[in-house]
Structures are given as C-alpha cells and as structure tokens.
Amino acid sequence: MKKLLVLLSAFFVLQTQAQTQIAEGIWRGVLTLDKKNGVELPFTFNVFYADGQPTITIFNAEETIVVDEITQKGDSIFFSLPVFDSEFRLRLFPGIMQGNWINYSRKDKNVIQFDATYGRNSRFTGASIVRSHFEGNWETTFSPGTPDSSKAIGVFKQKMQK
C-alpha cells in the first residue's frame with residue numbers, strides 16, 4: 001500500500017509539472033474588448049522551444065511579433081510585448097491560458113481579459129457570409145478625443161463567399 005501511495009504521489013507531481021509548461025504549437029488568443037456586447041479581438045500565435053526556453057510568435061496579418069522574454073512561476077506566465085508598453089499576466093491550464101493583458105500606455109480601461117486555446121489555428125470561429133467588400137488598409141483612432149488617443153492602421157483581407 002505504501003508503494004502505491006508513493007507511485008501515485010510521483011504521478012501527480014509529474015502531471016502537475018507537465019501542465020505548467022506552455023504547449024508547443026499554434027494557439028488562438030482572444031482579447032475581450034467588450035464582454036457585454038461580445039466584442040473580441042482574436043489572433044493566433046505559435047509557441048516553440050529553443051534550448052528549453054519558450055518563444056512566442058504573434059501573428060498580425062503579415063506582421064509577426066516575437067516574444068522571447070517569458071517568465072514562468074508555477075502555473076503563472078508573464079511576458080511583455082516588445083515595443084508596446086504592455087504585459088500579459090496569465091495562468092496556464094492544460095491547453096488553456098487565462099488572464100489579462102495590461103496596456104500601461106493607457107490610463108483607463110487598460111486591463112483586458114485574455115483567453116487562449118491550444119491547437120486552434122483559425123482567428124475567427126464559425127461560418128459567416130460576407131455581404132460587403134471592405135478589404136484594404138483602414139485608419140482608425142483609438143480613444144478619440146482623450147489624452148490616450150492614438151492612430152492605427154488595420155489591414156483587412158477577406159475571402160468572398162458565393
């Protein structure tokens with residue numbers, strides 16, 4: 001009986017350790033911008049390991065953002081985005097990351113819920129029928145009329161369905 005308890009304890013320790021490493025491969029992340037109205041900003045990213053250290057590559061149209069300064073403490077993951085004054089603070093579960101993205105360059109509404117699912121390589125879920133053509137580069141202003149106001153360019157590509 002004592003040997004069985006030792007084996008079970010070792011198994012649970014190994015399982016816990018295996019669950020705290022970020023799974024290598026493709027992930028789908030979602031920033032929840034407005035939970036009440038279902039406004040989300042999805043993106044995909046890839047996790048790979050070099051010399052035992054994780055690296056994250058975030059995909060944004062043709063742009064890629066490489067994040068190689070990642071800190072793990074138990075089931076917690078912390079990483080900052082290069083160039084942007086922001087940080088992800090996440091908790092890792094098997095195949096799932098949950099937590100917040102903190103945008104330090106904003107004064108208001110700077111903490112945004114973030115969820116990621118392993119093995120999902122599509123930014124958008126479900127089928128949709130495209131009724132309008134909006135492909136191209138579009139300029140927008142975030143937080144217009146406030147001290148946090150900033151301009152950005154959105155690059156949109158679409159596939160027309162018949």
# chains A, B, ... in the order shown; residues from 1 in each chain; ligands from 1
>>> residues_around(residues="Pro147 in chain A", least_positions_apart="6", cutoff="12 Å", atoms="only C-alpha atoms", output="CSV table (one decimal) with N, CA and C atoms, in the first residue's frame")
chain,number,residue,atom,x,y,z
A,105,SER,N,0.3,52.0,-21.4
A,105,SER,CA,0.3,53.3,-22.0
A,105,SER,C,-1.1,54.0,-21.9
A,106,ARG,N,-2.1,53.2,-21.4
A,106,ARG,CA,-3.4,53.8,-21.3
A,106,ARG,C,-3.7,54.1,-19.8
A,107,LYS,N,-4.5,55.1,-19.5
A,107,LYS,CA,-4.9,55.4,-18.1
A,107,LYS,C,-6.2,54.7,-17.7
A,108,ASP,N,-7.1,54.6,-18.7
A,108,ASP,CA,-8.4,54.0,-18.4
A,108,ASP,C,-8.5,52.7,-19.2
>>> select_by_dssp(residues="range 49-152 of chain A", states="strand (DSSP E)", output="VMD selection string")
chain A and resid 49 to 50 53 to 60 63 to 67 70 to 73 76 to 80 86 to 93 96 to 103 111 to 118 136 to 142 150 to 152
>>> atom_distance(atom1="CA of Ser122 in chain A", atom2="CA of Pro54 in chain A")
21.8 Å
>>> residues_around(residues="Asp115 in chain A", least_positions_apart="6", cutoff="8 Å", atoms="only C-alpha atoms", output="ChimeraX atom specification")
/A:29-31,96-99
>>> write_last_selection(atoms="N, CA and C atoms", output="PDB file, in the first residue's frame")
ATOM      1  N   GLY A  29      -5.580  33.187 -29.463  1.00  0.00           N
ATOM      2  CA  GLY A  29      -5.800  34.075 -28.336  1.00  0.00           C
ATOM      3  C   GLY A  29      -6.929  35.045 -28.633  1.00  0.00           C
ATOM      4  N   VAL A  30      -7.651  35.447 -27.577  1.00  0.00           N
ATOM      5  CA  VAL A  30      -8.761  36.378 -27.727  1.00  0.00           C
ATOM      6  C   VAL A  30      -8.683  37.428 -26.617  1.00  0.00           C
ATOM      7  N   LEU A  31      -8.614  38.696 -27.033  1.00  0.00           N
ATOM      8  CA  LEU A  31      -8.757  39.807 -26.102  1.00  0.00           C
ATOM      9  C   LEU A  31     -10.233  40.187 -26.087  1.00  0.00           C
ATOM     10  N   ILE A  96      -4.994  25.577 -22.172  1.00  0.00           N
ATOM     11  CA  ILE A  96      -5.693  26.859 -21.994  1.00  0.00           C
ATOM     12  C   ILE A  96      -4.789  27.831 -21.233  1.00  0.00           C
ATOM     13  N   MET A  97      -4.838  29.098 -21.630  1.00  0.00           N
ATOM     14  CA  MET A  97      -4.238  30.190 -20.867  1.00  0.00           C
ATOM     15  C   MET A  97      -5.349  31.197 -20.577  1.00  0.00           C
ATOM     16  N   GLN A  98      -5.374  31.700 -19.347  1.00  0.00           N
ATOM     17  CA  GLN A  98      -6.381  32.700 -18.981  1.00  0.00           C
ATOM     18  C   GLN A  98      -5.724  33.769 -18.132  1.00  0.00           C
ATOM     19  N   GLY A  99      -6.146  35.001 -18.351  1.00  0.00           N
ATOM     20  CA  GLY A  99      -5.617  36.090 -17.543  1.00  0.00           C
ATOM     21  C   GLY A  99      -5.940  37.427 -18.156  1.00  0.00           C
TER      22      GLY A  99
END
>>> residues_around(residues="Asn103 in chain A", least_positions_apart="6", cutoff="9 Å", atoms="only C-alpha atoms", output="PyMOL selection string")
chain A and resi 84-88+109-112
>>> residues_around(residues="Phe45 in chain A", least_positions_apart="3", cutoff="6 Å", atoms="only C-alpha atoms", output="PyMOL selection string")
chain A and resi 26-27+57-59
>>> atom_distance(atom1="CA of Lys151 in chain A", atom2="CA of Glu139 in chain A")
7.0 Å
>>> residues_around(residues="Arg89 in chain A", least_positions_apart="4", cutoff="10 Å", atoms="only C-alpha atoms", output="PDB file with C-alpha atoms, in the first residue's frame")
ATOM      1  CA  THR A  71       8.787  34.194 -17.140  1.00  0.00           C
ATOM      2  CA  SER A  76       1.716  31.585 -13.951  1.00  0.00           C
ATOM      3  CA  ILE A  77       3.163  33.093 -17.137  1.00  0.00           C
ATOM      4  CA  PHE A  78       4.320  36.674 -17.607  1.00  0.00           C
ATOM      5  CA  PHE A  79       5.600  38.318 -20.773  1.00  0.00           C
ATOM      6  CA  SER A  80       5.849  41.840 -22.154  1.00  0.00           C
ATOM      7  CA  MET A  97      -4.238  30.190 -20.867  1.00  0.00           C
ATOM      8  CA  GLN A  98      -6.381  32.700 -18.981  1.00  0.00           C
ATOM      9  CA  GLY A  99      -5.617  36.090 -17.543  1.00  0.00           C
ATOM     10  CA  ASN A 100      -5.180  39.691 -18.550  1.00  0.00           C
ATOM     11  CA  TRP A 101      -3.362  41.911 -20.993  1.00  0.00           C
ATOM     12  CA  ILE A 102      -2.304  45.136 -19.300  1.00  0.00           C
ATOM     13  CA  GLN A 113      -9.383  39.874 -20.327  1.00  0.00           C
ATOM     14  CA  PHE A 114      -7.355  37.368 -22.365  1.00  0.00           C
TER      15      PHE A 114
END
>>> atom_distance(atom1="CA of Glu40 in chain A", atom2="CA of Gly74 in chain A")
28.4 Å
>>> residues_around(residues="range 154-159 of chain A", least_positions_apart="4", cutoff="6 Å", atoms="only C-alpha atoms", output="number ranges by chain")
A: 135-138
